[in-house]
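K.L.:
Input structure: data.cif, which contains mmCIF, C-alpha atoms and all ligand atoms.
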data_run
loop_
_atom_site.label_atom_id
_atom_site.label_comp_id
_atom_site.auth_asym_id
_atom_site.auth_seq_id
_atom_site.Cartn_x
_atom_site.Cartn_y
_atom_site.Cartn_z
CA MET M 1 0.00 0.00 0.00
CA GLY M 2 1.37 3.45 -0.91
CA GLY M 3 1.55 6.52 1.30
CA GLY M 4 -1.78 7.78 -0.05
CA GLY M 5 -3.49 4.61 1.08
CA LEU M 6 -2.05 4.89 4.58
CA LEU M 7 -3.11 8.50 4.90
CA GLN M 8 -6.56 7.64 3.66
CA ASN M 9 -6.87 4.83 6.22
CA ARG M 10 -5.84 7.26 8.96
CA ILE M 11 -8.59 9.66 7.90
CA LYS M 12 -11.07 6.80 7.79
CA LYS M 13 -10.14 5.75 11.32
CA MET M 14 -10.58 9.31 12.58
CA ALA M 15 -13.98 9.52 10.90
CA ALA M 16 -14.93 6.16 12.43
CA GLY M 17 -14.02 7.54 15.85
CA VAL M 18 -16.30 10.56 15.36
CA SER M 19 -19.08 8.29 14.14
CA ARG M 20 -18.66 5.99 17.18
CA PHE M 21 -18.97 9.02 19.42
CA LEU M 22 -22.16 10.23 17.71
CA MET M 23 -24.06 6.98 17.28
CA ALA M 24 -25.31 5.14 20.35
CA ARG M 25 -25.45 1.43 19.62
CA ASP M 26 -26.05 -1.91 21.29
CA GLY M 27 -23.98 -4.16 19.06
CA SER M 28 -24.25 -4.92 15.37
CA THR M 29 -25.46 -7.70 13.04
CA PRO M 30 -23.16 -7.27 10.03
CA ILE M 31 -23.50 -9.03 6.68
CA LEU M 32 -20.01 -8.81 5.19
CA MET M 33 -19.77 -8.30 1.44
CA TYR M 34 -16.84 -9.50 -0.63
CA HIS M 35 -16.29 -9.88 -4.36
CA SER M 36 -12.80 -11.17 -5.13
CA VAL M 37 -10.18 -12.65 -2.79
CA HIS M 38 -7.02 -12.78 -4.84
CA PRO M 39 -3.27 -12.31 -4.25
CA GLU M 40 -2.75 -9.85 -7.13
CA HIS M 41 -5.95 -8.38 -8.52
CA PRO M 42 -6.07 -4.62 -7.73
CA LEU M 43 -9.72 -4.66 -6.58
CA ALA M 44 -9.41 -7.85 -4.54
CA VAL M 45 -8.98 -8.48 -0.84
CA ARG M 46 -5.65 -10.28 -0.30
CA PRO M 47 -5.94 -13.88 0.98
CA GLU M 48 -3.82 -13.14 4.07
CA ALA M 49 -6.03 -10.14 4.96
CA PHE M 50 -9.12 -12.28 4.39
CA ARG M 51 -7.73 -14.95 6.72
CA GLU M 52 -7.17 -12.38 9.46
CA GLN M 53 -10.70 -11.00 8.94
CA ILE M 54 -12.41 -14.40 9.10
CA ALA M 55 -10.40 -15.36 12.18
CA TYR M 56 -11.50 -12.11 13.84
CA LEU M 57 -15.11 -12.58 12.77
CA VAL M 58 -15.56 -16.14 14.12
CA GLU M 59 -13.84 -15.12 17.34
CA ASN M 60 -16.05 -12.08 17.94
CA TYR M 61 -19.37 -12.82 16.20
CA LYS M 62 -21.78 -15.68 15.72
CA VAL M 63 -21.38 -16.29 11.98
CA VAL M 64 -24.42 -18.09 10.56
CA PRO M 65 -25.45 -19.04 7.01
CA LEU M 66 -27.25 -16.09 5.40
CA ARG M 67 -30.35 -18.32 5.14
CA GLU M 68 -30.43 -18.56 8.94
CA TYR M 69 -29.74 -14.85 9.29
CA LEU M 70 -32.71 -14.08 7.03
CA GLU M 71 -34.95 -16.44 8.99
CA ALA M 72 -34.02 -14.62 12.18
CA LYS M 73 -34.68 -11.27 10.49
CA ARG M 74 -38.10 -12.45 9.34
CA ASN M 75 -38.96 -13.63 12.88
CA ASN M 76 -37.65 -10.42 14.45
CA SER M 77 -35.08 -12.48 16.33
CA LEU M 78 -31.78 -11.12 14.96
CA THR M 79 -29.54 -10.83 18.01
CA PRO M 80 -26.52 -8.54 18.43
CA GLY M 81 -23.38 -10.28 17.27
CA MET M 82 -25.06 -12.36 14.57
CA ALA M 83 -23.15 -12.06 11.29
CA ALA M 84 -23.03 -13.53 7.78
CA VAL M 85 -20.43 -13.62 5.01
CA THR M 86 -21.33 -13.07 1.34
CA PHE M 87 -19.57 -12.90 -2.03
CA ASP M 88 -21.06 -11.38 -5.19
CA ASP M 89 -20.75 -12.49 -8.84
CA GLY M 90 -19.06 -15.94 -8.55
CA TYR M 91 -15.32 -15.52 -9.13
CA ARG M 92 -13.11 -18.62 -9.22
CA ASP M 93 -10.81 -17.07 -6.61
CA ASN M 94 -13.63 -17.53 -4.08
CA TYR M 95 -12.93 -21.26 -4.40
CA ARG M 96 -9.15 -21.07 -4.77
CA PHE M 97 -8.31 -18.53 -2.08
CA ALA M 98 -11.34 -17.90 0.14
CA TYR M 99 -12.84 -21.38 0.51
CA PRO M 100 -9.77 -23.01 2.17
CA ILE M 101 -9.88 -20.23 4.79
CA LEU M 102 -13.65 -20.53 5.30
CA GLU M 103 -13.12 -24.27 5.78
CA GLU M 104 -10.26 -23.76 8.23
CA PHE M 105 -12.52 -21.63 10.44
CA SER M 106 -15.78 -23.53 9.68
CA CYS M 107 -17.18 -20.19 8.55
CA PRO M 108 -20.37 -20.43 6.46
CA ALA M 109 -20.82 -18.13 3.47
CA THR M 110 -23.11 -17.41 0.52
CA ILE M 111 -22.00 -16.73 -3.06
CA PHE M 112 -24.43 -14.86 -5.31
CA LEU M 113 -24.09 -16.26 -8.81
CA VAL M 114 -24.41 -14.53 -12.16
CA THR M 115 -25.32 -17.70 -14.07
CA ALA M 116 -24.47 -16.34 -17.55
CA PHE M 117 -20.96 -15.63 -16.19
CA ILE M 118 -20.58 -19.22 -14.91
CA GLU M 119 -21.80 -20.58 -18.25
CA CYS M 120 -20.11 -18.16 -20.68
CA ASP M 121 -17.46 -19.20 -23.24
CA ASN M 122 -15.44 -16.02 -22.99
CA TYR M 123 -15.32 -14.63 -19.45
CA LEU M 124 -13.04 -11.74 -20.41
CA SER M 125 -15.53 -10.22 -22.82
CA PHE M 126 -18.56 -11.19 -20.72
CA GLY M 127 -17.06 -9.59 -17.63
CA LYS M 128 -16.35 -6.42 -19.56
CA LYS M 129 -19.83 -6.31 -21.08
CA VAL M 130 -21.63 -6.40 -17.75
CA SER M 131 -18.91 -4.56 -15.77
CA LEU M 132 -17.80 -7.31 -13.43
CA TYR M 133 -14.35 -7.07 -11.85
CA PRO M 134 -12.08 -7.14 -14.93
CA ASP M 135 -10.07 -10.21 -15.98
CA LEU M 136 -11.36 -12.60 -13.34
CA GLU M 137 -12.45 -16.14 -14.20
CA PRO M 138 -15.80 -17.54 -13.05
CA LEU M 139 -16.32 -20.50 -10.75
CA SER M 140 -17.16 -23.86 -12.29
CA TRP M 141 -20.19 -25.89 -11.23
CA SER M 142 -17.95 -28.62 -9.81
CA GLU M 143 -16.14 -26.08 -7.62
CA ILE M 144 -19.48 -24.69 -6.43
CA LYS M 145 -20.65 -28.23 -5.59
CA GLU M 146 -17.45 -29.01 -3.72
CA MET M 147 -17.93 -25.97 -1.48
CA HIS M 148 -21.47 -27.01 -0.49
CA PRO M 149 -22.83 -27.10 2.23
CA LEU M 150 -20.43 -24.69 3.96
CA VAL M 151 -20.92 -22.33 1.04
CA GLU M 152 -24.45 -21.88 -0.25
CA VAL M 153 -25.55 -20.19 -3.42
CA GLY M 154 -27.80 -17.19 -3.90
CA ALA M 155 -29.19 -15.45 -6.98
CA HIS M 156 -27.65 -12.40 -8.65
CA THR M 157 -29.72 -12.34 -11.92
CA HIS M 158 -28.72 -14.31 -15.01
CA SER M 159 -26.62 -11.59 -16.65
CA HIS M 160 -25.99 -8.97 -13.94
CA ILE M 161 -28.71 -6.55 -15.02
CA GLN M 162 -29.71 -3.36 -13.26
CA ILE M 163 -33.10 -4.43 -11.93
CA SER M 164 -34.60 -0.92 -12.01
CA GLY M 165 -33.45 -0.49 -15.63
CA VAL M 166 -35.35 -3.33 -17.32
CA LYS M 167 -39.00 -3.95 -18.16
CA GLY M 168 -41.09 -6.49 -16.24
CA GLN M 169 -40.76 -9.32 -18.76
CA VAL M 170 -37.00 -8.95 -19.07
CA LEU M 171 -36.70 -8.89 -15.31
CA GLU M 172 -38.84 -12.00 -15.01
CA ARG M 173 -36.66 -13.80 -17.58
CA GLU M 174 -33.49 -12.73 -15.77
CA LEU M 175 -34.76 -13.99 -12.43
CA THR M 176 -36.28 -17.24 -13.68
CA ALA M 177 -33.24 -18.19 -15.83
CA ASN M 178 -30.96 -17.52 -12.85
CA ILE M 179 -33.10 -19.71 -10.57
CA ARG M 180 -33.60 -22.50 -13.14
CA ILE M 181 -29.91 -22.84 -14.05
CA ILE M 182 -28.87 -22.93 -10.40
CA GLU M 183 -31.53 -25.55 -9.66
CA GLU M 184 -30.56 -27.67 -12.69
CA ASN M 185 -26.93 -27.73 -11.62
CA LEU M 186 -27.18 -27.87 -7.85
CA GLY M 187 -30.59 -29.40 -7.17
CA TYR M 188 -31.94 -26.54 -5.09
CA LYS M 189 -33.49 -23.15 -5.73
CA PRO M 190 -31.75 -20.03 -4.44
CA LYS M 191 -33.90 -18.29 -1.83
CA ILE M 192 -32.04 -15.01 -1.52
CA LEU M 193 -31.14 -12.44 -4.19
CA ALA M 194 -28.32 -9.91 -4.25
CA TYR M 195 -29.35 -6.93 -6.38
CA PRO M 196 -26.64 -6.25 -9.01
CA TRP M 197 -24.95 -2.91 -8.13
CA GLY M 198 -27.27 -2.89 -5.14
CA GLN M 199 -27.84 0.82 -4.52
CA PRO M 200 -31.46 1.99 -4.05
CA PHE M 201 -31.63 3.50 -7.55
CA ASP M 202 -30.57 0.10 -8.94
CA PHE M 203 -33.54 -1.81 -7.62
CA THR M 204 -36.26 0.67 -6.74
CA ARG M 205 -38.99 0.92 -9.34
CA SER M 206 -42.58 -0.19 -9.59
CA GLY M 207 -42.49 -3.78 -10.80
CA CYS M 208 -39.45 -4.61 -8.73
CA THR M 209 -41.89 -6.25 -6.31
CA LEU M 210 -41.47 -9.25 -8.63
CA VAL M 211 -38.40 -10.06 -6.54
CA GLN M 212 -40.70 -10.80 -3.62
CA GLU M 213 -42.54 -13.46 -5.61
CA TYR M 214 -39.37 -15.44 -6.24
CA PHE M 215 -37.26 -14.86 -3.13
CA GLN M 216 -37.58 -14.82 0.64
CA GLY M 217 -35.18 -11.92 0.98
CA ALA M 218 -32.61 -9.77 -0.79
CA VAL M 219 -29.36 -7.99 0.01
CA THR M 220 -28.23 -4.58 -1.21
CA THR M 221 -24.87 -2.80 -1.28
CA VAL M 222 -26.22 -0.08 1.01
CA HIS M 223 -23.67 0.25 3.81
CA ASN M 224 -24.82 -0.60 7.31
CA SER M 225 -23.72 -3.02 10.01
CA ASP M 226 -27.16 -3.64 11.45
CA ASN M 227 -30.46 -4.94 10.07
CA ARG M 228 -32.45 -5.30 13.28
CA SER M 229 -34.70 -2.26 12.86
CA PRO M 230 -38.27 -3.29 11.96
CA GLY M 231 -38.13 -0.46 9.39
CA ILE M 232 -35.60 -2.49 7.39
CA SER M 233 -37.35 -4.93 5.07
CA PRO M 234 -35.95 -8.46 4.54
CA TYR M 235 -35.76 -7.38 0.88
CA HIS M 236 -33.50 -4.42 1.68
CA LEU M 237 -30.82 -5.98 3.86
CA ARG M 238 -27.79 -3.73 4.19
CA ARG M 239 -24.21 -4.99 4.06
CA VAL M 240 -20.69 -3.97 5.01
CA GLY M 241 -18.42 -3.90 1.94
CA ILE M 242 -14.84 -4.99 2.54
CA GLY M 243 -12.20 -3.71 0.13
CA PRO M 244 -8.48 -4.13 -0.57
CA ALA M 245 -7.46 -1.18 1.64
CA ASP M 246 -9.12 -2.47 4.81
CA ASP M 247 -6.63 -3.50 7.48
CA ILE M 248 -7.88 -5.52 10.45
CA GLU M 249 -8.52 -2.40 12.50
CA LEU M 250 -10.76 -0.91 9.79
CA PHE M 251 -12.43 -4.27 9.27
CA ALA M 252 -13.28 -4.52 12.98
CA ALA M 253 -14.53 -0.92 13.01
CA LYS M 254 -16.74 -1.49 9.96
CA ALA M 255 -18.20 -4.72 11.39
CA ALA M 256 -18.93 -2.98 14.70
CA GLY M 257 -20.80 -0.16 12.96
CA ASP M 258 -18.28 2.67 13.25
CA PHE M 259 -18.79 3.44 9.56
CA ASP M 260 -22.57 3.43 9.57
CA LEU M 261 -22.79 7.21 9.74
CA ILE M 262 -20.32 7.61 6.88
CA GLY M 263 -22.34 5.02 4.92
CA LEU M 264 -25.47 7.05 5.50
CA ILE M 265 -23.82 10.21 4.19
CA LYS M 266 -22.47 8.36 1.14
CA GLY M 267 -25.93 6.97 0.50
CA ILE M 268 -27.41 10.47 0.47
CA GLN M 269 -24.65 11.63 -1.92
CA ALA M 270 -25.41 8.67 -4.19
CA ARG M 271 -29.06 9.65 -4.30
CA TRP M 272 -28.04 13.08 -5.48
CA GLY M 273 -26.12 11.65 -8.38
CA LYS M 274 -22.53 11.37 -7.14
CA ARG M 275 -22.24 7.71 -7.98
CA GLY M 276 -18.49 7.34 -8.49
CA ASP M 277 -16.85 4.20 -9.83
CA ARG M 278 -19.45 1.43 -9.79
CA ASN M 279 -16.96 -1.27 -8.88
CA THR M 280 -15.50 0.43 -5.87
CA SER M 281 -18.07 2.98 -4.75
CA TYR M 282 -19.58 0.65 -2.16
CA HIS M 283 -16.25 0.13 -0.43
CA LEU M 284 -16.24 2.97 2.04
ZN ZN R 1 -22.41 -8.09 -8.80
#
Please express what this file holds, its structure, as structure tokens.
P.N.:
Amino acid sequence: MGGGGLLQNRIKKMAAGVSRFLMARDGSTPILMYHSVHPEHPLAVRPEAFREQIAYLVENYKVVPLREYLEAKRNNSLTPGMAAVTFDDGYRDNYRFAYPILEEFSCPATIFLVTAFIECDNYLSFGKKVSLYPDLEPLSWSEIKEMHPLVEVGAHTHSHIQISGVKGQVLERELTANIRIIEENLGYKPKILAYPWGQPFDFTRSGCTLVQEYFQGAVTTVHNSDNRSPGISPYHLRRVGIGPADDIELFAAKAAGDFDLIGLIKGIQARWGKRGDRNTSYHL
């Protein structure tokens, strides 16, 4: 990490301190969000950092499968300290670099699959077309099967579409193809969706209620470490994005909720059109 990165982390830690001072809290229930865990890719979390994060998480939180987390949310029984780990898109490095660590710590996780990415012939051009992390290979079905049941699969639309940007029929096709292909290959239907891009303007539109017909819940990329409030719908679960610059101190602060205020401010900025780089904007 260069000097700029260190300085930026120092500013982040100061801001987290201010936020901690301002926000009274009784614990958190974070859903961690990852994309790539890779030793070289510039947007990825490094495997050694990931290992430190998972070790910290299982030591300090009760990490449950997202399915169980959602059940608790739906029964109003999410308890402080409950946490879940998620990955978006379905990159092969999740199997190569993250899975051995998840296994080592018996840490359950969910990977949200873009089925057209898993099935495509040319991942380089597909990834570019739908703006996934560049140059990363997809998982194979056999790798996904090998990771089960510690790692479960969720839906992420067939071709990574912006849900608010397509008409009802296209959306229905995207959701049903995603569900069908997962079921054909794995023998079970995904019950939870991650909205591609995941900011409110990406999934809010009349007609988006279709999601509720096919899924029991959905996760966003809106930053927050807690989903206990009855005002938060099971279809709008917030997550804590972890990026390549997060050291263990920042990771712990994010999981505990010290960045929730900053996330709120960023969310308001996003609503006013300052959307930034789509691949990194949700990493605070
Ligand atoms: Zn995605």
K.L.:
Enumerate residues in contact with ligand ZN 1 (chain R): an atom-to-atom distance of at most 7 Å, counting all atoms listed in the file. Format the result as a VMD selection string.
P.N.:
chain M and resid 88 to 89 132 156 160 196 to 197
K.L.:
Excluding same-chain residues fewer than 4 positions from Gly154 in chain M, what lies within 6 Å of it counting all atoms listed in the file, as a list in words?
P.N.:
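Surrounding residues, per the criterion: Ile111, Phe112, Pro190, Ile192 and Leu193 of chain M.
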K.L.:
Using 8 Å of padding on each side, determine the axis-aligned box around all atoms of range 207-225 of chain M present in the file and give its centre and edge lengths in Å to one decimal, as AutoDock Vina command-line options.
P.N.:
--center_x -33.1 --center_y -7.6 --center_z -0.4 --size_x 34.9 --size_y 31.7 --size_z 36.8
K.L.:
Taking 2 positions as the minimum chain separation for residues in the same chain, which residues sit within 10 Å of His158 in chain M when counting all atoms listed in the file? Answer as a PyMOL selection string.
P.N.:
chain M and resi 113-119+155-156+160-161+171+173-182
K.L.:
Please report as JSON lines every residue of range 39-58 of chain M lying within 8 Å of range 239-253 of chain M, along with the nearest atom pair and their distance in Å (one decimal), using only C-alpha atoms.
P.N.:
{"residue": "M:Pro42", "atom": "CA", "partner": "M:Pro244", "partner_atom": "CA", "distance": 7.6}
{"residue": "M:Leu43", "atom": "CA", "partner": "M:Pro244", "partner_atom": "CA", "distance": 6.2}
{"residue": "M:Ala44", "atom": "CA", "partner": "M:Pro244", "partner_atom": "CA", "distance": 5.5}
{"residue": "M:Val45", "atom": "CA", "partner": "M:Pro244", "partner_atom": "CA", "distance": 4.4}
{"residue": "M:Arg46", "atom": "CA", "partner": "M:Pro244", "partner_atom": "CA", "distance": 6.8}
{"residue": "M:Ala49", "atom": "CA", "partner": "M:Asp247", "partner_atom": "CA", "distance": 7.1}
{"residue": "M:Glu52", "atom": "CA", "partner": "M:Ile248", "partner_atom": "CA", "distance": 7.0}
{"residue": "M:Gln53", "atom": "CA", "partner": "M:Ile248", "partner_atom": "CA", "distance": 6.3}
{"residue": "M:Tyr56", "atom": "CA", "partner": "M:Ala252", "partner_atom": "CA", "distance": 7.8}
K.L.:
Between M:Lys13, M:Glu172, M:Pro200, M:Asn224, which has the minimum distance to Gln212 in chain M (counting all atoms listed in the file)?
P.N.:
M:Glu172
K.L.:
Return the single residue from M:Gly187, M:Pro30, M:Gly127, M:Pro108 that is closest to Met82 in chain M, with distances computed using all atoms listed in the file.
P.N.:
M:Pro30
K.L.:
Name the residues within 12 Å of (-16.6, -19.0, -18.6), counting only C-alpha atoms in the file's coordinates, and put them as a count of residues only.
P.N.:
24
K.L.:
Point out the residue among M:Ala256, M:Thr157, M:Pro230, M:Glu40 with the least atom-to-atom distance to Val211 in chain M, counting all atoms listed in the file.
P.N.:
M:Thr157
K.L.:
Given the point (-27.4, -4.5, -0.7) in the file's coordinates, find the residues that have an atom at most 7 Å from it, counting all atoms listed in the file, and give them as a list in words.
P.N.:
Ala194, Tyr195, Gly198, Gln199, Val219, Thr220, Thr221, Val222, His236, Leu237, Arg238 and Arg239 of chain M
K.L.:
I need the residues from that last selection saved to file as a compact mmCIF listing (two decimals), keeping the file's coordinate frame (with C-alpha atoms), if you can.
P.N.:
# COMPACT_ATOMS: atom_id res chain seq x y z
CA ALA M 194 -28.32 -9.91 -4.25
CA TYR M 195 -29.35 -6.93 -6.38
CA GLY M 198 -27.27 -2.89 -5.14
CA GLN M 199 -27.84 0.82 -4.52
CA VAL M 219 -29.36 -7.99 0.01
CA THR M 220 -28.23 -4.58 -1.21
CA THR M 221 -24.87 -2.80 -1.28
CA VAL M 222 -26.22 -0.08 1.01
CA HIS M 236 -33.50 -4.42 1.68
CA LEU M 237 -30.82 -5.98 3.86
CA ARG M 238 -27.79 -3.73 4.19
CA ARG M 239 -24.21 -4.99 4.06
K.L.:
For CA of Ala84 in chain M and CA of Ile54 in chain M, quote the distance in Å rounded to one decimal.
P.N.:
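Interatomic distance, CA of Ala84 in chain M to CA of Ile54 in chain M: 10.7 Å.
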K.L.:
Could you check the closest approach to Pro65 in chain M for each of M:Gly231, M:Gly165, M:Gly27, M:Glu152 and tell me which residue wins, using all atoms listed in the file?
P.N.:
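Once distances to Pro65 in chain M are computed over all atoms listed in the file, the minimum belongs to M:Glu152.
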K.L.:
Working from the structure I just supplied, which lacks atoms in range 110-133 of chain M, can you model N, CA and C atoms there and output them as a PDB file, in the frame of the given file?
P.N.:
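Below you can see part39.pdb, which holds the result:
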ATOM      1  N   THR M 110     -22.213 -17.320   1.680  1.00  0.00           N
ATOM      2  CA  THR M 110     -23.110 -17.410   0.520  1.00  0.00           C
ATOM      3  C   THR M 110     -22.458 -16.711  -0.661  1.00  0.00           C
ATOM      4  N   ILE M 111     -22.489 -17.369  -1.828  1.00  0.00           N
ATOM      5  CA  ILE M 111     -22.000 -16.730  -3.060  1.00  0.00           C
ATOM      6  C   ILE M 111     -23.187 -16.471  -3.982  1.00  0.00           C
ATOM      7  N   PHE M 112     -23.351 -15.228  -4.396  1.00  0.00           N
ATOM      8  CA  PHE M 112     -24.430 -14.860  -5.310  1.00  0.00           C
ATOM      9  C   PHE M 112     -23.947 -14.999  -6.746  1.00  0.00           C
ATOM     10  N   LEU M 113     -24.596 -15.907  -7.483  1.00  0.00           N
ATOM     11  CA  LEU M 113     -24.090 -16.260  -8.810  1.00  0.00           C
ATOM     12  C   LEU M 113     -24.771 -15.531  -9.951  1.00  0.00           C
ATOM     13  N   VAL M 114     -23.942 -15.021 -10.865  1.00  0.00           N
ATOM     14  CA  VAL M 114     -24.410 -14.530 -12.160  1.00  0.00           C
ATOM     15  C   VAL M 114     -24.284 -15.743 -13.100  1.00  0.00           C
ATOM     16  N   THR M 115     -25.410 -16.408 -13.375  1.00  0.00           N
ATOM     17  CA  THR M 115     -25.320 -17.700 -14.070  1.00  0.00           C
ATOM     18  C   THR M 115     -24.758 -17.584 -15.488  1.00  0.00           C
ATOM     19  N   ALA M 116     -25.027 -16.491 -16.195  1.00  0.00           N
ATOM     20  CA  ALA M 116     -24.470 -16.340 -17.550  1.00  0.00           C
ATOM     21  C   ALA M 116     -22.943 -16.240 -17.486  1.00  0.00           C
ATOM     22  N   PHE M 117     -22.409 -15.721 -16.398  1.00  0.00           N
ATOM     23  CA  PHE M 117     -20.960 -15.630 -16.190  1.00  0.00           C
ATOM     24  C   PHE M 117     -20.385 -17.042 -15.992  1.00  0.00           C
ATOM     25  N   ILE M 118     -21.055 -17.849 -15.172  1.00  0.00           N
ATOM     26  CA  ILE M 118     -20.580 -19.220 -14.910  1.00  0.00           C
ATOM     27  C   ILE M 118     -20.591 -20.036 -16.209  1.00  0.00           C
ATOM     28  N   GLU M 119     -21.606 -19.766 -17.052  1.00  0.00           N
ATOM     29  CA  GLU M 119     -21.800 -20.580 -18.250  1.00  0.00           C
ATOM     30  C   GLU M 119     -21.126 -20.007 -19.498  1.00  0.00           C
ATOM     31  N   CYS M 120     -20.549 -18.820 -19.435  1.00  0.00           N
ATOM     32  CA  CYS M 120     -20.110 -18.160 -20.680  1.00  0.00           C
ATOM     33  C   CYS M 120     -18.843 -18.800 -21.254  1.00  0.00           C
ATOM     34  N   ASP M 121     -18.651 -18.637 -22.573  1.00  0.00           N
ATOM     35  CA  ASP M 121     -17.460 -19.200 -23.240  1.00  0.00           C
ATOM     36  C   ASP M 121     -16.263 -18.285 -23.097  1.00  0.00           C
ATOM     37  N   ASN M 122     -16.543 -16.980 -23.030  1.00  0.00           N
ATOM     38  CA  ASN M 122     -15.440 -16.020 -22.990  1.00  0.00           C
ATOM     39  C   ASN M 122     -15.642 -15.070 -21.805  1.00  0.00           C
ATOM     40  N   TYR M 123     -15.060 -15.419 -20.665  1.00  0.00           N
ATOM     41  CA  TYR M 123     -15.320 -14.630 -19.450  1.00  0.00           C
ATOM     42  C   TYR M 123     -14.730 -13.231 -19.524  1.00  0.00           C
ATOM     43  N   LEU M 124     -13.655 -13.078 -20.321  1.00  0.00           N
ATOM     44  CA  LEU M 124     -13.040 -11.740 -20.410  1.00  0.00           C
ATOM     45  C   LEU M 124     -14.018 -10.758 -21.038  1.00  0.00           C
ATOM     46  N   SER M 125     -14.614 -11.165 -22.165  1.00  0.00           N
ATOM     47  CA  SER M 125     -15.530 -10.220 -22.820  1.00  0.00           C
ATOM     48  C   SER M 125     -16.857 -10.143 -22.066  1.00  0.00           C
ATOM     49  N   PHE M 126     -17.302 -11.252 -21.482  1.00  0.00           N
ATOM     50  CA  PHE M 126     -18.560 -11.190 -20.720  1.00  0.00           C
ATOM     51  C   PHE M 126     -18.409 -10.246 -19.519  1.00  0.00           C
ATOM     52  N   GLY M 127     -17.303 -10.417 -18.808  1.00  0.00           N
ATOM     53  CA  GLY M 127     -17.060  -9.590 -17.630  1.00  0.00           C
ATOM     54  C   GLY M 127     -17.034  -8.109 -17.973  1.00  0.00           C
ATOM     55  N   LYS M 128     -16.432  -7.810 -19.119  1.00  0.00           N
ATOM     56  CA  LYS M 128     -16.350  -6.420 -19.560  1.00  0.00           C
ATOM     57  C   LYS M 128     -17.749  -5.895 -19.911  1.00  0.00           C
ATOM     58  N   LYS M 129     -18.507  -6.727 -20.611  1.00  0.00           N
ATOM     59  CA  LYS M 129     -19.830  -6.310 -21.080  1.00  0.00           C
ATOM     60  C   LYS M 129     -20.748  -5.931 -19.921  1.00  0.00           C
ATOM     61  N   VAL M 130     -20.714  -6.689 -18.853  1.00  0.00           N
ATOM     62  CA  VAL M 130     -21.630  -6.400 -17.750  1.00  0.00           C
ATOM     63  C   VAL M 130     -20.914  -5.783 -16.544  1.00  0.00           C
ATOM     64  N   SER M 131     -19.685  -5.279 -16.794  1.00  0.00           N
ATOM     65  CA  SER M 131     -18.910  -4.560 -15.770  1.00  0.00           C
ATOM     66  C   SER M 131     -18.685  -5.344 -14.485  1.00  0.00           C
ATOM     67  N   LEU M 132     -18.259  -6.586 -14.621  1.00  0.00           N
ATOM     68  CA  LEU M 132     -17.800  -7.310 -13.430  1.00  0.00           C
ATOM     69  C   LEU M 132     -16.370  -6.852 -13.157  1.00  0.00           C
ATOM     70  N   TYR M 133     -15.762  -7.381 -12.087  1.00  0.00           N
ATOM     71  CA  TYR M 133     -14.350  -7.070 -11.850  1.00  0.00           C
ATOM     72  C   TYR M 133     -13.570  -7.566 -13.067  1.00  0.00           C
TER      73      TYR M 133
END
